[in-house]
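Participant: The structure under discussion is supplied below as structure tokens; questions concerning it will follow.
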Amino acid sequence: TRYWSAVKEGKPAVILIHGFGASVEIWQHNILALSKNHRVYALDLVGFGCSDKPSADYSPTFLVNHVNGFVNAMKIKKATIVGLSMGGGTAILYTLTYPEKVEKLILVDSAGLGDKLSLGLRLMSVPILGTSMTIPNWMTTYWFFRPAVLNSKLLDDSFIDFYTKLFSLPGAQDAKLKTIRSVCNFWGPKQEVLNSTMSNLDKITAPTLILWGKDDEILNVEQASFAKGKIPNSQLYIFGQCGHMPNFEKPDEFNSVVLSFLSG
């Protein structure tokens, strides 16, 4: 498992979990800012970034087990879990499975909170078509990330070149396809996957912060309001003029809101 860390010993731990197709680099504008009074860790989920890409089913349970393995390896007893998109869905399931290990929960444009999903991701789950859409090259990488930001200028050549290299690593395309197909099909998120999160939100006891970009084209902002109504001890913050990744598109605002929540 590849991970980044910015650690101040004795401070509370924060674990950052990236979204589908991303890596620790998606937190590049957040890690140092959040580390002022915390031990911050960001990991590449199994199958993504520079972490290993074994032959596996890449189910939500598989990803949760990987996060738990990382937590145990780092000897972290309790942490705030921050999950972006697919990482948010993973964070919800982790919190429900290991509530004693979660101090606070931060969901950023999180999966697992509704049945509306962008057409691009639904098409990616279709056999043959999805394989063509994920052939690693500059153009497929650009169009993979384009719906995730409102400001396309953020997707500069260095960003696209970097992720094209990650997507070209052995096993990366297979892991990506298995992951998306484990949670959705052409019609949207699989019902059994949604039920594991949506029907159990009221069981989350950790203080929760829900963050969302108002102009998210991948997961509709309406899902943020749904989560706020279901998670008992929760707060909601919406980023104006922002897409699916407020941590990347509005980093200063994101860091400020998160640090305020972490400080209580």
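For the structure tokens, the naming scheme is as follows: chains receive sequential letters (A, B, ...) according to their order of presentation, residues are indexed from 1 within each chain, and ligands are indexed from 1 in presentation order.
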Would you give me, as JSON lines, each residue of segment 49-146 of chain A having an atom within 8 Å of an atom of segment 3-26 of chain A, along with its shortest atom pair and that distance in Å to one decimal, using only C-alpha atoms and sorting by chain and residue number?

Facilitator:
{"residue": "A:Gly49", "atom": "CA", "partner": "A:Ser23", "partner_atom": "CA", "distance": 4.7}
{"residue": "A:Cys50", "atom": "CA", "partner": "A:Ser23", "partner_atom": "CA", "distance": 7.9}
{"residue": "A:Ile76", "atom": "CA", "partner": "A:Ala13", "partner_atom": "CA", "distance": 7.3}
{"residue": "A:Lys78", "atom": "CA", "partner": "A:Ala13", "partner_atom": "CA", "distance": 7.0}
{"residue": "A:Ala79", "atom": "CA", "partner": "A:Ala13", "partner_atom": "CA", "distance": 4.7}
{"residue": "A:Thr80", "atom": "CA", "partner": "A:Val14", "partner_atom": "CA", "distance": 4.7}
{"residue": "A:Ile81", "atom": "CA", "partner": "A:Ile15", "partner_atom": "CA", "distance": 5.1}
{"residue": "A:Val82", "atom": "CA", "partner": "A:Leu16", "partner_atom": "CA", "distance": 4.8}
{"residue": "A:Gly83", "atom": "CA", "partner": "A:Ile17", "partner_atom": "CA", "distance": 4.8}
{"residue": "A:Leu84", "atom": "CA", "partner": "A:Gly19", "partner_atom": "CA", "distance": 5.1}
{"residue": "A:Ser85", "atom": "CA", "partner": "A:Gly19", "partner_atom": "CA", "distance": 4.8}
{"residue": "A:Met86", "atom": "CA", "partner": "A:Gly19", "partner_atom": "CA", "distance": 4.6}
{"residue": "A:Gly87", "atom": "CA", "partner": "A:Gly19", "partner_atom": "CA", "distance": 4.8}
{"residue": "A:Gly88", "atom": "CA", "partner": "A:Ile17", "partner_atom": "CA", "distance": 7.4}
{"residue": "A:Ala91", "atom": "CA", "partner": "A:Ile17", "partner_atom": "CA", "distance": 7.6}

Participant: Among segment 75-250 of chain A, which ones does DSSP assign to alpha helix (DSSP H) (computed from the backbone)? Answer as a ChimeraX atom specification.

Facilitator: /A:86-97,119-124,129-133,138-145,157-167,172-183,191-198,222-230,246-249

Participant: Using only C-alpha atoms, can you tell me which of A:Arg2, A:Arg181, A:Lys53, A:Lys104 comes closest to Val258 of chain A?

Facilitator: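 Of all the options, A:Lys104 lies closest to Val258 of chain A.
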
Participant: Pick out the closest residue to Asn220 of chain A from this set: A:Leu45, A:Asp52, A:Asp109, A:Leu32. Count only C-alpha atoms.

Facilitator: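 Under the stated criterion, the closest residue is A:Asp109.
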
Participant: For Asn37 of chain A, which residue among A:Asn185, A:Ile106, A:Leu262, A:Val257 is the nearest when counting only C-alpha atoms?

Facilitator: A:Leu262

Participant: So the first atom is atom CA of Lys36 of chain A and the second is atom CA of Phe248 of chain A; what is the distance between them in Å, to one decimal place?

Facilitator: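 If I compute the distance from atom CA of Lys36 of chain A to atom CA of Phe248 of chain A, I get 18.8 Å.
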
Participant: Which one is closest to Phe144 of chain A: A:Ile218, A:Glu253, A:Thr205, A:Phe226? Count only C-alpha atoms.

Facilitator: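 Smallest separation from Phe144 of chain A among the options: A:Ile218.
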
Participant: Write out as a ChimeraX atom specification which residues come within 8 Å of Ile31 of chain A when counting only C-alpha atoms, dropping same-chain ones fewer than 3 positions away.

Facilitator: /A:5-6,27-28,34-35,40-42

Participant: Write the residues of the preceding selection, restricted to C-alpha atoms, as an mmCIF file, in the first residue's frame.

Facilitator:
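The file below, selection.cif, is the result:
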data_model
loop_
_atom_site.group_PDB
_atom_site.id
_atom_site.type_symbol
_atom_site.label_atom_id
_atom_site.label_comp_id
_atom_site.auth_asym_id
_atom_site.auth_seq_id
_atom_site.Cartn_x
_atom_site.Cartn_y
_atom_site.Cartn_z
ATOM 1 C CA SER A 5 1.593 11.039 5.811
ATOM 2 C CA ALA A 6 2.150 14.296 7.656
ATOM 3 C CA TRP A 27 -5.307 15.385 -1.557
ATOM 4 C CA GLN A 28 -2.153 17.311 -2.471
ATOM 5 C CA LEU A 34 -4.859 19.466 7.885
ATOM 6 C CA SER A 35 -1.685 18.297 9.634
ATOM 7 C CA VAL A 40 -2.775 12.876 8.608
ATOM 8 C CA TYR A 41 -2.584 9.782 6.419
ATOM 9 C CA ALA A 42 -3.709 9.393 2.792
#

Participant: Between A:Asn200, A:Thr61, A:Thr141, A:Gln191, single out the one closest to Lys230 of chain A, counting only C-alpha atoms.

Facilitator: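 Result for the nearest residue to Lys230 of chain A: A:Asn200.
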
Participant: Which residues come within 9 Å of Phe239 of chain A, counting only C-alpha atoms, excluding same-chain residues fewer than 6 positions away, as a tab-separated table (two decimals) with N, CA and C atoms, in the first residue's frame?

Facilitator:
chain	number	residue	atom	x	y	z
A	211	LEU	N	-19.98	17.22	3.05
A	211	LEU	CA	-19.53	18.29	2.16
A	211	LEU	C	-19.91	17.94	0.73
A	212	TRP	N	-20.32	18.96	-0.05
A	212	TRP	CA	-20.74	18.68	-1.43
A	212	TRP	C	-20.52	19.89	-2.32
A	213	GLY	N	-20.12	19.63	-3.56
A	213	GLY	CA	-20.06	20.68	-4.56
A	213	GLY	C	-21.43	20.90	-5.16
A	214	LYS	N	-21.89	22.13	-5.18
A	214	LYS	CA	-23.25	22.43	-5.66
A	214	LYS	C	-23.45	21.99	-7.10
A	215	ASP	N	-22.37	22.01	-7.91
A	215	ASP	CA	-22.49	21.71	-9.33
A	215	ASP	C	-21.96	20.32	-9.69
A	246	PRO	N	-14.49	19.09	-4.12
A	246	PRO	CA	-14.21	20.39	-3.49
A	246	PRO	C	-12.84	20.46	-2.82
A	250	LYS	N	-11.70	23.62	-4.53
A	250	LYS	CA	-11.79	24.74	-3.58
A	250	LYS	C	-10.99	24.39	-2.31
A	253	GLU	N	-11.03	26.75	1.00
A	253	GLU	CA	-12.34	26.71	1.66
A	253	GLU	C	-12.57	25.35	2.31
A	254	PHE	N	-12.21	24.32	1.59
A	254	PHE	CA	-12.35	22.95	2.11
A	254	PHE	C	-11.53	22.78	3.39

Participant: When you look at Thr134 of chain A with a cut-off of 12 Å (counting only C-alpha atoms), what residues show up, excluding the ones that are within fewer than 4 positions of it in the same chain? I need them as a VMD selection string.

Facilitator: chain A and resid 21 120 to 121 123 to 130 138 to 145 164 167 to 168 172 to 178 180

Participant: To one decimal in Å, tell me the separation between atom CA of Pro207 of chain A and atom CA of Met245 of chain A.

Facilitator: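 Straight-line distance from atom CA of Pro207 of chain A to atom CA of Met245 of chain A works out to 21.6 Å.
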
Participant: Show which residues sit within 12 Å of Lys116 of chain A, as a count of residues only. Count only C-alpha atoms, and ignore same-chain residues fewer than 5 positions away.

Facilitator: 21

Participant: For a test of reading the model, state the distance in Å between atom CA of Asn195 of chain A and atom CA of Thr90 of chain A, rounded to one decimal.

Facilitator: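 Atom-to-atom, atom CA of Asn195 of chain A and atom CA of Thr90 of chain A are spaced 13.6 Å apart.
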
Participant: Between A:Tyr163, A:Tyr58, A:Phe48, A:Tyr237, single out the one closest to Thr179 of chain A, counting only C-alpha atoms.

Facilitator: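 Smallest separation from Thr179 of chain A among the options: A:Tyr58.
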
Participant: Which of segment 77-135 of chain A counts as strand (DSSP E or B) under DSSP, as a tab-separated table (two decimals) with N, CA and C atoms, in the first residue's frame please?

Facilitator:
chain	number	residue	atom	x	y	z
A	79	ALA	N	-9.67	7.20	14.58
A	79	ALA	CA	-9.34	8.26	13.64
A	79	ALA	C	-10.59	8.92	13.09
A	80	THR	N	-10.42	10.13	12.57
A	80	THR	CA	-11.44	10.74	11.73
A	80	THR	C	-11.24	10.20	10.33
A	81	ILE	N	-12.30	9.69	9.73
A	81	ILE	CA	-12.24	9.12	8.39
A	81	ILE	C	-12.85	10.12	7.41
A	82	VAL	N	-12.07	10.49	6.39
A	82	VAL	CA	-12.52	11.42	5.36
A	82	VAL	C	-12.59	10.65	4.04
A	83	GLY	N	-13.78	10.57	3.44
A	83	GLY	CA	-13.94	9.82	2.21
A	83	GLY	C	-14.51	10.66	1.10
A	84	LEU	N	-13.85	10.63	-0.06
A	84	LEU	CA	-14.30	11.36	-1.25
A	84	LEU	C	-14.94	10.39	-2.24
A	102	VAL	N	-13.81	4.92	14.82
A	102	VAL	CA	-14.08	6.17	14.12
A	102	VAL	C	-14.43	7.28	15.11
A	103	GLU	N	-13.58	8.29	15.15
A	103	GLU	CA	-13.80	9.46	16.01
A	103	GLU	C	-14.84	10.38	15.38
A	104	LYS	N	-14.61	10.75	14.13
A	104	LYS	CA	-15.53	11.58	13.37
A	104	LYS	C	-15.53	11.08	11.93
A	105	LEU	N	-16.56	11.47	11.18
A	105	LEU	CA	-16.70	11.04	9.79
A	105	LEU	C	-16.94	12.26	8.91
A	106	ILE	N	-16.18	12.34	7.82
A	106	ILE	CA	-16.36	13.44	6.86
A	106	ILE	C	-16.61	12.84	5.48
A	107	LEU	N	-17.79	13.13	4.93
A	107	LEU	CA	-18.19	12.59	3.64
A	107	LEU	C	-18.14	13.69	2.59
A	108	VAL	N	-17.35	13.50	1.55
A	108	VAL	CA	-17.15	14.51	0.51
A	108	VAL	C	-17.75	14.01	-0.80
